[in-house]
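K.L.:
Next up, coords_13.txt (compact mmCIF, C-alpha atoms).
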# COMPACT_ATOMS: atom_id res chain seq x y z
CA MET A 3 -18.78 -33.23 2.28
CA THR A 4 -15.08 -33.00 3.15
CA ALA A 5 -14.22 -31.58 6.55
CA GLU A 6 -12.82 -28.05 6.75
CA PRO A 7 -9.00 -28.08 6.79
CA THR A 8 -7.42 -27.88 10.22
CA ALA A 9 -4.87 -25.26 11.16
CA PRO A 10 -1.74 -27.31 10.32
CA GLU A 11 -3.37 -28.42 7.05
CA ARG A 12 -4.02 -24.79 6.08
CA PHE A 13 -0.41 -23.99 6.86
CA ILE A 14 0.97 -26.78 4.67
CA ARG A 15 -1.48 -26.11 1.86
CA GLY A 16 -0.45 -22.51 1.53
CA ILE A 17 3.17 -23.34 0.89
CA LEU A 18 3.01 -25.53 -2.22
CA PRO A 19 -0.35 -27.21 -2.99
CA GLU A 20 -2.28 -23.90 -2.92
CA ASN A 21 0.71 -21.68 -3.66
CA PRO A 22 -0.67 -18.18 -4.34
CA THR A 23 1.74 -17.50 -7.20
CA TYR A 24 1.95 -20.80 -9.06
CA ARG A 25 -1.38 -22.47 -8.27
CA GLN A 26 -3.80 -19.66 -7.49
CA LEU A 27 -2.14 -17.08 -9.81
CA LEU A 28 -2.89 -14.26 -7.37
CA GLY A 29 -0.85 -11.17 -6.58
CA LEU A 30 0.93 -11.27 -9.92
CA CYS A 31 1.44 -7.51 -10.20
CA PRO A 32 3.99 -7.24 -7.37
CA THR A 33 5.36 -10.64 -8.38
CA LEU A 34 6.36 -9.33 -11.78
CA ALA A 35 7.41 -5.89 -10.53
CA VAL A 36 9.68 -6.46 -7.55
CA THR A 37 11.42 -9.68 -8.52
CA ASN A 38 14.36 -8.15 -10.36
CA ASN A 39 16.53 -8.84 -7.34
CA MET A 40 16.36 -11.17 -4.34
CA LYS A 41 16.51 -8.50 -1.66
CA SER A 42 13.43 -6.64 -2.96
CA ALA A 43 11.57 -9.90 -3.39
CA LEU A 44 12.21 -10.97 0.19
CA THR A 45 11.32 -7.53 1.55
CA MET A 46 8.01 -7.65 -0.30
CA ALA A 47 7.38 -11.18 1.00
CA GLY A 48 8.09 -9.98 4.53
CA ALA A 49 5.74 -7.02 4.17
CA VAL A 50 2.97 -9.26 2.82
CA LEU A 51 3.55 -11.71 5.70
CA PHE A 52 3.06 -8.92 8.24
CA VAL A 53 -0.05 -7.54 6.56
CA LEU A 54 -1.64 -10.92 5.85
CA PHE A 55 -1.02 -12.19 9.37
CA CYS A 56 -2.34 -9.07 11.10
CA ALA A 57 -5.31 -8.72 8.73
CA ASN A 58 -6.28 -12.39 9.08
CA VAL A 59 -6.06 -12.29 12.87
CA MET A 60 -7.99 -9.03 13.11
CA VAL A 61 -10.73 -10.14 10.72
CA SER A 62 -10.99 -13.45 12.51
CA LEU A 63 -11.43 -11.65 15.84
CA ILE A 64 -14.29 -9.53 14.49
CA ARG A 65 -15.79 -12.20 12.22
CA ASN A 66 -19.00 -12.49 14.23
CA LEU A 67 -19.64 -8.76 14.05
CA LEU A 68 -19.32 -8.45 10.27
CA LYS A 69 -22.45 -7.71 8.28
CA PRO A 70 -22.44 -9.55 4.93
CA HIS A 71 -23.04 -6.48 2.80
CA LEU A 72 -20.34 -4.43 4.55
CA ARG A 73 -17.68 -7.10 4.95
CA ILE A 74 -15.55 -6.06 1.96
CA VAL A 75 -15.43 -2.51 3.30
CA ALA A 76 -14.30 -3.82 6.65
CA PHE A 77 -11.63 -6.06 5.05
CA THR A 78 -10.29 -3.18 2.98
CA LEU A 79 -10.14 -0.91 6.04
CA VAL A 80 -8.20 -3.46 8.05
CA ILE A 81 -5.80 -4.24 5.21
CA ALA A 82 -5.22 -0.58 4.33
CA ALA A 83 -4.39 0.28 7.93
CA PHE A 84 -1.78 -2.46 8.25
CA VAL A 85 -0.26 -1.71 4.84
CA THR A 86 0.15 1.94 5.86
CA ILE A 87 1.89 0.83 9.04
CA VAL A 88 4.26 -1.40 7.05
CA ASP A 89 4.93 1.40 4.58
CA ARG A 90 5.87 3.84 7.36
CA LEU A 91 8.00 1.21 9.12
CA LEU A 92 9.92 0.51 5.92
CA ALA A 93 10.43 4.22 5.23
CA ALA A 94 11.75 4.62 8.76
CA TYR A 95 13.99 1.55 9.11
CA MET A 96 14.80 0.41 5.55
CA TYR A 97 14.76 3.71 3.68
CA THR A 98 16.67 2.70 0.52
CA MET A 99 14.62 -0.47 0.14
CA SER A 100 11.44 1.55 0.59
CA LYS A 101 12.49 3.82 -2.26
CA ASN A 102 13.37 0.82 -4.47
CA LEU A 103 10.00 -0.82 -3.92
CA GLY A 104 8.31 2.52 -4.61
CA PRO A 105 4.56 2.33 -5.19
CA TYR A 106 4.37 -1.46 -4.77
CA ILE A 107 4.21 -1.39 -1.00
CA PRO A 108 1.03 0.72 -0.89
CA LEU A 109 -0.30 -1.52 -3.68
CA ILE A 110 -0.30 -4.45 -1.24
CA ILE A 111 -3.70 -3.07 -0.24
CA VAL A 112 -5.16 -4.37 -3.50
CA ASN A 113 -3.18 -7.61 -3.51
CA CYS A 114 -5.79 -10.28 -4.14
CA ILE A 115 -4.05 -12.80 -1.92
CA ILE A 116 -4.81 -10.81 1.21
CA ILE A 117 -8.41 -9.91 0.57
CA GLY A 118 -8.91 -13.44 -0.79
CA ARG A 119 -7.69 -15.10 2.40
CA CYS A 120 -9.77 -12.72 4.52
CA GLU A 121 -12.87 -13.69 2.59
CA ILE A 122 -12.18 -17.43 2.29
CA CYS A 123 -10.63 -18.18 5.64
CA ALA A 124 -10.40 -15.41 8.20
CA SER A 125 -14.03 -14.33 8.13
CA LYS A 126 -15.19 -17.88 8.83
CA GLU A 127 -12.55 -19.61 10.93
CA SER A 128 -11.01 -19.27 14.35
CA VAL A 129 -8.00 -17.07 15.01
CA LEU A 130 -5.57 -20.00 15.10
CA LYS A 131 -6.69 -21.33 11.71
CA ALA A 132 -6.64 -17.85 10.20
CA ALA A 133 -3.15 -17.22 11.56
CA SER A 134 -1.68 -20.48 10.28
CA ASP A 135 -3.38 -19.92 6.91
CA ALA A 136 -1.77 -16.50 6.74
CA ILE A 137 1.69 -17.81 7.53
CA GLY A 138 1.39 -20.69 5.06
CA GLN A 139 0.19 -18.48 2.23
CA SER A 140 2.91 -15.91 2.92
CA ILE A 141 5.60 -18.57 2.84
CA GLY A 142 4.13 -19.77 -0.46
CA PHE A 143 4.16 -16.21 -1.80
CA GLY A 144 7.75 -15.83 -0.64
CA ILE A 145 8.72 -19.01 -2.44
CA GLY A 146 6.99 -17.79 -5.58
CA LEU A 147 8.73 -14.41 -5.45
CA SER A 148 12.19 -15.77 -4.62
CA SER A 149 12.10 -18.43 -7.31
CA ILE A 150 11.48 -15.80 -9.97
CA ALA A 151 13.85 -13.26 -8.43
CA PHE A 152 16.66 -15.79 -8.20
CA PHE A 153 16.67 -16.47 -11.93
CA ARG A 154 16.11 -12.86 -12.96
CA GLU A 155 18.90 -11.53 -10.78
CA ILE A 156 21.46 -14.19 -11.59
CA ILE A 157 20.88 -14.21 -15.36
CA GLY A 158 20.29 -10.48 -15.61
CA THR A 159 23.16 -9.23 -13.47
CA GLY A 160 25.25 -12.26 -12.51
CA MET A 161 24.65 -11.38 -8.87
CA VAL A 162 22.66 -12.82 -6.01
CA PHE A 163 21.82 -10.51 -3.10
CA GLY A 164 24.09 -7.93 -4.69
CA THR A 165 27.23 -10.06 -4.71
CA ARG A 166 28.62 -11.34 -7.98
CA VAL A 167 28.48 -15.12 -8.34
CA LEU A 168 28.82 -15.72 -12.07
CA PRO A 169 32.24 -15.19 -13.73
CA GLN A 170 32.84 -11.89 -15.49
CA ILE A 171 32.62 -13.47 -18.95
CA TRP A 172 28.87 -13.91 -18.45
CA PRO A 173 27.21 -11.21 -20.57
CA ASP A 174 24.48 -9.83 -18.32
CA TRP A 175 21.14 -10.33 -20.04
CA VAL A 176 19.79 -6.96 -18.96
CA ILE A 177 16.39 -7.78 -20.39
CA MET A 178 15.89 -10.21 -17.52
CA ILE A 179 15.74 -7.39 -14.99
CA LEU A 180 13.39 -5.36 -17.17
CA PRO A 181 9.64 -6.09 -17.40
CA PRO A 182 9.84 -8.52 -20.36
CA GLY A 183 12.21 -10.71 -18.36
CA ALA A 184 9.61 -10.94 -15.62
CA PHE A 185 7.04 -12.34 -18.00
CA PHE A 186 9.53 -14.77 -19.60
CA THR A 187 10.72 -16.11 -16.26
CA PHE A 188 7.30 -16.39 -14.71
CA GLY A 189 5.83 -18.03 -17.81
CA LEU A 190 8.58 -20.63 -18.01
CA LEU A 191 8.48 -21.40 -14.30
CA LEU A 192 4.69 -21.65 -14.30
CA GLY A 193 4.85 -24.01 -17.26
CA SER A 194 7.38 -26.19 -15.45
CA VAL A 195 5.24 -26.30 -12.31
CA ASN A 196 2.16 -27.27 -14.34
CA TYR A 197 4.12 -30.00 -16.11
CA MET A 198 5.36 -31.47 -12.84
CA VAL A 199 1.90 -31.35 -11.26
CA ASN A 200 0.32 -33.02 -14.32
CA ARG A 201 2.93 -35.74 -14.32
CA LYS A 202 2.34 -36.41 -10.62
CA ASN A 203 -1.43 -36.52 -11.14
CA THR A 204 -1.19 -38.93 -14.09
CA SER A 205 1.14 -41.23 -12.18
CA ILE A 206 -1.29 -41.23 -9.22
CA LYS A 207 -4.18 -41.98 -11.60
CA ASN A 208 -2.22 -44.82 -13.24
CA ARG A 209 -1.30 -46.23 -9.87
CA ASP A 210 -4.91 -46.08 -8.66
CA SER A 211 -6.31 -47.65 -11.84
CA MET A 212 -3.85 -50.51 -11.60
CA LYS A 213 -5.03 -51.50 -8.12
CA MET B 29 -41.70 -2.69 16.89
CA GLU B 30 -41.66 -0.33 13.95
CA MET B 31 -39.26 2.04 15.70
CA THR B 32 -36.58 -0.61 16.34
CA ASP B 33 -37.04 -1.93 12.78
CA ARG B 34 -36.53 1.57 11.40
CA LEU B 35 -33.51 2.01 13.66
CA ASN B 36 -31.97 -1.25 12.49
CA LYS B 37 -32.35 -0.28 8.84
CA ASN B 38 -30.60 3.05 9.41
CA PHE B 39 -27.26 3.16 7.62
CA LEU B 40 -25.33 4.51 10.56
CA VAL B 41 -26.54 1.72 12.82
CA GLN B 42 -25.71 -0.89 10.19
CA GLY B 43 -22.28 0.51 9.66
CA TRP B 44 -21.32 0.91 13.33
CA LEU B 45 -18.48 -1.59 13.01
CA VAL B 46 -17.04 0.17 9.98
CA ILE B 47 -17.26 3.53 11.75
CA LEU B 48 -15.62 2.09 14.85
CA LEU B 49 -12.83 0.54 12.79
CA CYS B 50 -12.27 3.89 11.06
CA LEU B 51 -11.86 5.63 14.41
CA VAL B 52 -9.60 2.94 15.85
CA PHE B 53 -7.37 2.74 12.79
CA GLY B 54 -7.34 6.50 12.35
CA GLY B 55 -6.04 6.79 15.89
CA SER B 56 -3.41 4.06 15.48
CA LEU B 57 -2.14 5.48 12.20
CA THR B 58 -1.83 8.92 13.79
CA ALA B 59 0.21 7.36 16.59
CA VAL B 60 2.42 5.52 14.08
CA GLN B 61 2.95 8.68 12.06
CA LEU B 62 3.82 10.73 15.13
CA THR B 63 6.38 8.15 16.27
CA LEU B 64 7.96 7.44 12.92
CA SER B 65 7.93 10.75 11.05
CA PRO B 66 11.04 12.09 12.88
CA VAL B 67 12.91 8.92 11.88
CA ILE B 68 11.76 9.22 8.26
CA GLU B 69 12.72 12.91 8.10
CA ALA B 70 16.13 12.06 9.49
CA ASN B 71 16.52 9.39 6.79
CA LYS B 72 15.69 11.89 4.06
CA LYS B 73 18.11 14.40 5.49
CA ASN B 74 20.89 11.79 5.77
CA GLU B 75 20.33 10.80 2.18
CA ILE B 76 20.79 14.41 1.09
CA LEU B 77 23.90 14.82 3.23
CA GLN B 78 25.45 11.72 1.70
CA ILE B 79 24.72 12.86 -1.83
CA ILE B 80 26.12 16.38 -1.45
CA PRO B 81 29.88 15.59 -1.63
CA GLY B 82 29.36 13.85 -4.98
CA LEU B 83 27.25 16.75 -6.18
CA ILE B 84 29.74 19.47 -5.32
CA SER B 85 32.86 17.81 -6.71
CA GLU B 86 32.97 17.94 -10.47
CA GLU B 87 34.45 14.57 -11.38
CA ASN B 88 32.08 12.13 -13.05
CA SER B 89 29.98 10.53 -10.36
CA THR B 90 30.02 6.85 -9.63
CA ALA B 91 27.41 5.44 -7.31
CA ILE B 92 26.89 7.32 -4.05
CA ASN B 93 29.80 6.43 -1.82
CA LYS B 94 28.19 5.64 1.52
CA GLU B 95 31.47 5.25 3.36
CA ALA B 96 32.86 8.60 2.21
CA THR B 97 33.61 10.94 5.06
CA LEU B 98 32.27 14.40 4.46
CA PRO B 99 35.11 16.78 3.80
CA PHE B 100 32.57 19.61 3.96
CA THR B 101 30.42 20.98 6.71
CA VAL B 102 26.92 21.30 5.40
CA SER B 103 24.44 23.82 6.71
CA PRO B 104 20.88 24.12 5.40
CA PHE B 105 18.98 27.35 4.96
CA TYR B 106 16.02 28.60 2.97
CA VAL B 107 15.99 30.97 0.03
CA ASN B 108 12.65 32.70 -0.31
CA SER B 109 11.45 34.56 -3.33
CA GLU B 110 8.29 36.31 -4.42
CA LYS B 111 7.19 35.62 -7.94
CA GLN B 112 3.96 37.01 -9.36
CA GLY B 113 2.54 37.21 -5.89
CA ARG B 114 3.41 33.58 -5.13
CA HIS B 115 5.75 32.80 -2.27
CA LEU B 116 8.43 30.28 -3.20
CA SER B 117 10.88 28.68 -0.83
CA TYR B 118 13.90 26.59 -1.78
CA ALA B 119 15.94 24.50 0.65
CA VAL B 120 19.61 25.16 -0.07
CA PHE B 121 22.56 23.43 1.55
CA GLU B 122 25.76 25.39 1.91
CA ALA B 123 28.92 23.27 1.82
CA LYS B 124 31.95 24.81 3.51
CA ASP B 125 35.39 23.23 3.53
CA LYS B 126 37.50 23.04 6.68
CA ASP B 127 38.92 26.53 6.14
CA GLY B 128 35.43 27.98 6.14
CA ASN B 129 35.39 28.79 2.42
CA ILE B 130 32.22 27.98 0.54
CA SER B 131 32.88 24.98 -1.73
CA GLY B 132 29.47 24.92 -3.35
CA TRP B 133 25.72 24.78 -2.96
CA ALA B 134 23.14 21.99 -3.20
CA ALA B 135 19.64 23.27 -3.85
CA ARG B 136 16.46 21.23 -3.70
CA ALA B 137 13.58 21.88 -6.07
CA SER B 138 10.48 20.05 -7.13
CA GLY B 139 7.99 20.39 -9.95
CA GLN B 140 5.55 18.50 -12.12
CA GLY B 141 7.04 15.73 -14.24
CA TYR B 142 5.20 13.57 -16.76
CA ALA B 143 3.47 11.34 -14.23
CA ASP B 144 3.87 12.96 -10.83
CA LYS B 145 6.12 15.25 -8.82
CA ILE B 146 9.86 15.21 -9.49
CA GLU B 147 12.12 16.29 -6.63
CA LEU B 148 15.76 16.93 -7.39
CA LEU B 149 18.97 18.21 -5.82
CA LEU B 150 21.17 20.47 -7.93
CA GLY B 151 24.83 21.11 -7.16
CA LEU B 152 26.18 24.57 -7.96
CA ASN B 153 29.65 26.05 -7.74
CA PRO B 154 30.22 28.85 -5.18
CA GLU B 155 29.38 31.63 -7.68
CA ALA B 156 26.22 29.74 -8.69
CA GLU B 157 27.38 30.06 -12.31
CA LYS B 158 28.05 26.41 -13.09
CA ILE B 159 26.13 23.20 -12.36
CA THR B 160 28.35 20.70 -10.57
CA GLY B 161 25.87 17.85 -10.33
CA LEU B 162 22.29 16.65 -10.36
CA PHE B 163 20.56 14.02 -8.27
CA ILE B 164 16.92 12.98 -8.57
CA LEU B 165 15.48 12.54 -5.06
CA GLU B 166 11.97 11.46 -5.93
CA GLN B 167 10.19 10.60 -9.16
CA LYS B 168 7.35 8.39 -10.30
CA GLU B 169 7.97 8.53 -14.03
CA THR B 170 7.27 5.62 -16.40
CA PRO B 171 9.52 2.65 -15.59
CA GLY B 172 11.93 1.97 -18.43
CA LEU B 173 11.38 5.36 -20.03
CA GLY B 174 10.93 8.45 -17.87
CA ASN B 175 12.56 6.90 -14.83
CA LYS B 176 15.87 6.93 -16.71
CA ILE B 177 16.22 10.53 -15.49
CA SER B 178 17.63 8.92 -12.33
CA GLU B 179 20.41 7.17 -14.25
CA ILE B 180 23.91 8.45 -13.67
CA LYS B 181 24.68 8.56 -17.40
CA TRP B 182 21.85 10.99 -18.12
CA ARG B 183 22.39 13.14 -15.03
CA ASP B 184 26.11 13.57 -15.74
CA GLN B 185 25.20 15.59 -18.83
CA PHE B 186 24.40 18.46 -16.49
CA LYS B 187 27.83 18.57 -14.90
CA GLY B 188 29.72 21.63 -16.06
CA LYS B 189 26.75 23.36 -17.68
CA LYS B 190 26.74 27.12 -17.26
CA THR B 191 23.70 28.69 -15.65
CA ASP B 192 23.64 31.93 -17.65
CA LYS B 193 21.35 30.50 -20.33
CA ALA B 194 18.37 28.19 -19.75
CA ILE B 195 19.13 24.51 -20.28
CA SER B 196 16.96 22.76 -22.85
CA ALA B 197 16.44 19.08 -23.62
CA ILE B 198 16.81 18.31 -27.32
CA LYS B 199 15.32 15.30 -29.10
CA GLY B 200 18.22 13.82 -31.03
CA LYS B 201 21.72 15.11 -30.54
CA ALA B 202 22.40 18.16 -28.38
CA VAL B 203 24.66 20.66 -30.11
CA ASN B 204 24.96 23.88 -28.13
CA ALA B 205 26.54 24.30 -24.73
CA ASN B 206 23.21 24.84 -23.00
CA GLU B 207 21.54 21.73 -24.49
CA ILE B 208 21.34 18.16 -23.25
CA ASP B 209 20.04 15.00 -24.95
CA ALA B 210 16.46 14.18 -24.01
CA ILE B 211 15.76 10.51 -23.21
CA THR B 212 14.33 8.71 -26.24
CA GLY B 213 10.65 8.14 -25.58
CA ALA B 214 10.70 10.36 -22.48
CA THR B 215 10.85 13.89 -23.84
CA ILE B 216 8.37 15.30 -21.35
CA SER B 217 10.23 13.88 -18.35
CA SER B 218 13.52 15.28 -19.68
CA LYS B 219 12.00 18.69 -20.40
CA SER B 220 10.38 18.77 -16.95
CA VAL B 221 13.73 18.26 -15.25
CA CYS B 222 15.22 21.13 -17.29
CA ARG B 223 12.28 23.37 -16.51
CA ILE B 224 12.52 22.70 -12.76
CA ILE B 225 16.26 23.41 -12.84
CA ASN B 226 15.95 26.60 -14.90
CA GLN B 227 13.18 27.97 -12.70
CA MET B 228 15.11 27.35 -9.50
CA VAL B 229 18.43 28.67 -10.81
CA GLY B 230 16.77 31.87 -11.95
CA ASP B 231 15.28 32.35 -8.49
CA ILE B 232 18.25 31.53 -6.30
CA ARG B 233 21.26 32.77 -8.24
CA PRO B 234 21.17 36.39 -6.98
CA PRO B 235 20.63 35.42 -3.30
CA LEU B 236 23.42 32.83 -3.48
CA LYS B 237 25.84 35.30 -5.05
CA MET B 238 25.03 37.70 -2.24
CA LYS B 239 25.65 35.00 0.35
CA LEU B 240 29.01 34.22 -1.22
CA GLU B 241 30.03 37.90 -1.07
CA GLU B 242 28.90 38.10 2.55
CA SER B 243 30.95 35.08 3.54
CA VAL B 244 34.05 36.33 1.70
CA HIS B 245 33.53 39.69 3.39
CA GLU B 246 33.24 38.03 6.82
CA LYS B 247 36.51 36.20 6.37
CA LYS B 248 38.44 39.40 5.66
Could you write out this file's structure as structure tokens?
P.N.:
Amino acid sequence: MTAEPTAPERFIRGILPENPTYRQLLGLCPTLAVTNNMKSALTMAGAVLFVLFCANVMVSLIRNLLKPHLRIVAFTLVIAAFVTIVDRLLAAYMYTMSKNLGPYIPLIIVNCIIIGRCEICASKESVLKAASDAIGQSIGFGIGLSSIAFFREIIGTGMVFGTRVLPQIWPDWVIMILPPGAFFTFGLLLGSVNYMVNRKNTSIKNRDSMK
Amino acid sequence: MEMTDRLNKNFLVQGWLVILLCLVFGGSLTAVQLTLSPVIEANKKNEILQIIPGLISEENSTAINKEATLPFTVSPFYVNSEKQGRHLSYAVFEAKDKDGNISGWAARASGQGYADKIELLLGLNPEAEKITGLFILEQKETPGLGNKISEIKWRDQFKGKKTDKAISAIKGKAVNANEIDAITGATISSKSVCRIINQMVGDIRPPLKMKLEESVHEKK
């Protein structure tokens, strides 16, 4: 039986090998919804980082008190409380962004990444491991969101972070910032990631079989 | 040990952690709300104050100009009306220019849209006889369809409309002066906006006309 991953291992794994967007395919609803520009994507990633970190730490602190048949209720309570705090903080200090993100901030409560990490990691591991897992997964989620948002914003509006980077002759493909564009971009990027991972795995297999 | 067994199987005892978490989080969220709600209210108010200049002036609106200095002084008040026994209250903002003359009104109304509540801000000229602008403050209509009511192109249709007749949203091309084009695929959202506007204008036009007369009277 392989040993449980250590804290630094959990951190590294969350970023690319177990990336929540491209490898675990979790949290796809906000991924498709808020990636029509970079600023929204990064705000969502920041909000998820806060919630995931606080929820993981809190659940890890109370992990020995959880009863198995009531643990999901406890997870949901913890997550909902922190999401509400983030929602109020955004409405207070980033009001326009809060209005742009609309219902997707409260929907972080049902984001499968967060309840998934609580169940897999935080309810069983120490606070340090849970915290590093949270940060790694959030960075991975941020990478997933920004990669999609980058392409959607630049092809759809010619801008990045609201400033124009492509020349004016570029006809803005408005469909990229609408829902179909989200599916196109995500599908193509996911396909590319799968291709690269398969190629790496086959080359490792070839290398091992030649030894 | 039947008593302790029975106690342990009791739901409340089993759920003590959940109950404790509820109390703790309930308390923290109350604290957060108490601290932050003044800031959030101030944000909402600032948003309205920044929108009002664009609403009162009749040129076609571009995006909200955040750097614009307010040439008006804006003062809020409430217009109350009784309708079929129900008490209605509208928040109205009075915009006065630097000579103290009323330049226009911005009135806030809300009502049921297709999906959820729509809250809007309507700009009126001093006599409350012409619409000078429309801004949608809050809506949760269908993305890509109903949420186009927030688009500048659709809202600009309302600029210049007279308030004597009710405004209606027409599927297809609007012909008469009191008609506007409904959004294709979002008729209910378009009609809801018109209904909210018509209802409010009917309620606040007489009080606003009175206020205008009072202020003209005061200046004499």
K.L.:
Do you have the atom CA of Ala94 of chain A-atom CA of Gln167 of chain B distance handy?
P.N.:
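It comes out at 19.0 Å.
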K.L.:
Counting all atoms listed in the file, write as a count of residues only all protein and nucleic acid residues lying at most 10 Å from (-22.3, -4.3, 7.9) in the file's frame.
P.N.:
18
K.L.:
Please produce, as JSON lines, a per-residue contact table for chain B versus chain A (criterion: any atom at most 7 Å away, all atoms listed in the file considered), showing the nearest atom pair and its distance in Å to one decimal, sorted by chain then residue number.
P.N.:
{"residue": "B:Val46", "atom": "CA", "partner": "A:Ala76", "partner_atom": "CA", "distance": 5.9}
{"residue": "B:Phe53", "atom": "CA", "partner": "A:Ala83", "partner_atom": "CA", "distance": 6.2}
{"residue": "B:Leu57", "atom": "CA", "partner": "A:Ile87", "partner_atom": "CA", "distance": 6.9}
{"residue": "B:Val60", "atom": "CA", "partner": "A:Ile87", "partner_atom": "CA", "distance": 6.9}
{"residue": "B:Leu64", "atom": "CA", "partner": "A:Ala94", "partner_atom": "CA", "distance": 6.3}
{"residue": "B:Val67", "atom": "CA", "partner": "A:Ala94", "partner_atom": "CA", "distance": 5.4}
{"residue": "B:Ile68", "atom": "CA", "partner": "A:Ala94", "partner_atom": "CA", "distance": 4.6}
{"residue": "B:Asn71", "atom": "CA", "partner": "A:Tyr97", "partner_atom": "CA", "distance": 6.7}
K.L.:
One number please: atom CA of Ala49 of chain A to atom CA of Thr187 of chain A, in Å, one decimal.
P.N.:
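Taking atom CA of Ala49 of chain A as the start and atom CA of Thr187 of chain A as the end point, the length is 22.9 Å.
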K.L.:
Quick one: residues within 9 Å of (15.9, 20.1, -16.4) (file frame), counting all atoms listed in the file, please, as a list in words.
P.N.:
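Output: Phe186, Ile195, Ser196, Ala197, Ile208, Ser217, Ser218, Lys219, Ser220, Val221, Cys222, Arg223, Ile224, Ile225 and Asn226 of chain B.
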K.L.:
List as a VMD selection string the protein and nucleic acid residues near segment 173-179 of chain B, meaning an atom at most 8 Å away when all atoms listed in the file are counted, but skip any in the same chain fewer than 6 places from it.
P.N.:
chain B and resid 142 163 to 164 167 211 to 214 217 to 218
K.L.:
Give me the residues within 6 Å of segment 132-146 of chain A as a VMD selection string, counting all atoms listed in the file and dropping any in the same chain fewer than 5 places off.
P.N.:
chain A and resid 9 12 to 13 16 to 17 21 to 23 47 51 54 to 55 58 to 59 124
K.L.:
Store the residues of this selection in a file with C-alpha atoms, as a CSV table (one decimal), in the coordinates of the input.
P.N.:
chain,number,residue,atom,x,y,z
A,9,ALA,CA,-4.9,-25.3,11.2
A,12,ARG,CA,-4.0,-24.8,6.1
A,13,PHE,CA,-0.4,-24.0,6.9
A,16,GLY,CA,-0.4,-22.5,1.5
A,17,ILE,CA,3.2,-23.3,0.9
A,21,ASN,CA,0.7,-21.7,-3.7
A,22,PRO,CA,-0.7,-18.2,-4.3
A,23,THR,CA,1.7,-17.5,-7.2
A,47,ALA,CA,7.4,-11.2,1.0
A,51,LEU,CA,3.6,-11.7,5.7
A,54,LEU,CA,-1.6,-10.9,5.8
A,55,PHE,CA,-1.0,-12.2,9.4
A,58,ASN,CA,-6.3,-12.4,9.1
A,59,VAL,CA,-6.1,-12.3,12.9
A,124,ALA,CA,-10.4,-15.4,8.2
K.L.:
Excluding same-chain residues fewer than 5 positions from Val102 of chain B, what lies within 9 Å of it counting only C-alpha atoms, as JSON, numbers by chain?
P.N.:
{"B": [77, 80, 121, 122, 123, 124, 125]}
K.L.:
I'd like the contact shell of Leu190 of chain A - 12 Å cut-off, all atoms listed in the file, skipping same-chain residues fewer than 3 positions apart - returned as JSON, numbers by chain.
P.N.:
{"A": [24, 149, 150, 153, 154, 183, 184, 185, 186, 187, 193, 194, 195, 196, 197]}
K.L.:
Compare B:Glu207, B:Asp33, B:Asp192, B:Glu75 by their minimum atom-to-atom distance to Glu157 of chain B, counting only C-alpha atoms, and give me the closest one.
P.N.:
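Result for the nearest residue to Glu157 of chain B: B:Asp192.
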K.L.:
Can you tell me how far atom CA of Gly118 of chain A sits from atom CA of Gln61 of chain B, in Å to one decimal?
P.N.:
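Computed distance, atom CA of Gly118 of chain A to atom CA of Gln61 of chain B, equals 28.2 Å.
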K.L.:
For Gly161 of chain B, work out the shell of residues within 6 Å, counting all atoms listed in the file and skipping chain neighbours fewer than 3 positions away, then give it as a PyMOL selection string.
P.N.:
chain B and resi 83+150-151+187
K.L.:
Limited to C-alpha atoms, could you put the picked residues into a file as a CSV table (one decimal), keeping the file's coordinate frame?
P.N.:
chain,number,residue,atom,x,y,z
B,83,LEU,CA,27.2,16.8,-6.2
B,150,LEU,CA,21.2,20.5,-7.9
B,151,GLY,CA,24.8,21.1,-7.2
B,187,LYS,CA,27.8,18.6,-14.9
K.L.:
Measuring atom to atom with all atoms listed in the file, identify which of B:Lys158, B:Lys248, B:Lys199, B:Arg233 is nearest to Ser85 of chain B.
P.N.:
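The shortest atom-to-atom distance to Ser85 of chain B comes from B:Lys158.
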K.L.:
Given the choices B:Ile47, B:Ala205, B:Leu236, B:Trp182, which gets closest to Ala134 of chain B if the distance is worked out from only C-alpha atoms?
P.N.:
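Counting only C-alpha atoms, the residue closest to Ala134 of chain B is B:Leu236.
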K.L.:
Mind giving me the axis-aligned box for segment 109-121 of chain A with 3 Å on every side, centre plus edges in Å to one decimal, as JSON?
P.N.:
{"center_x": -6.6, "center_y": -8.3, "center_z": 0.2, "size_x": 18.6, "size_y": 19.6, "size_z": 14.7}
K.L.:
Atoms are missing here; could segment 49-53 of chain A be completed with N, CA and C atoms and written as a PDB file, keeping the file's coordinate frame?
P.N.:
ATOM      1  N   ALA A  49       6.815  -7.990   3.972  1.00  0.00           N
ATOM      2  CA  ALA A  49       5.740  -7.020   4.170  1.00  0.00           C
ATOM      3  C   ALA A  49       4.383  -7.693   4.044  1.00  0.00           C
ATOM      4  N   VAL A  50       4.249  -8.566   3.022  1.00  0.00           N
ATOM      5  CA  VAL A  50       2.970  -9.260   2.820  1.00  0.00           C
ATOM      6  C   VAL A  50       2.699 -10.193   3.992  1.00  0.00           C
ATOM      7  N   LEU A  51       3.737 -10.830   4.546  1.00  0.00           N
ATOM      8  CA  LEU A  51       3.550 -11.710   5.700  1.00  0.00           C
ATOM      9  C   LEU A  51       2.962 -10.924   6.869  1.00  0.00           C
ATOM     10  N   PHE A  52       3.557  -9.747   7.133  1.00  0.00           N
ATOM     11  CA  PHE A  52       3.060  -8.920   8.240  1.00  0.00           C
ATOM     12  C   PHE A  52       1.603  -8.545   8.030  1.00  0.00           C
ATOM     13  N   VAL A  53       1.307  -8.024   6.823  1.00  0.00           N
ATOM     14  CA  VAL A  53      -0.050  -7.540   6.560  1.00  0.00           C
ATOM     15  C   VAL A  53      -1.050  -8.688   6.594  1.00  0.00           C
TER      16      VAL A  53
END
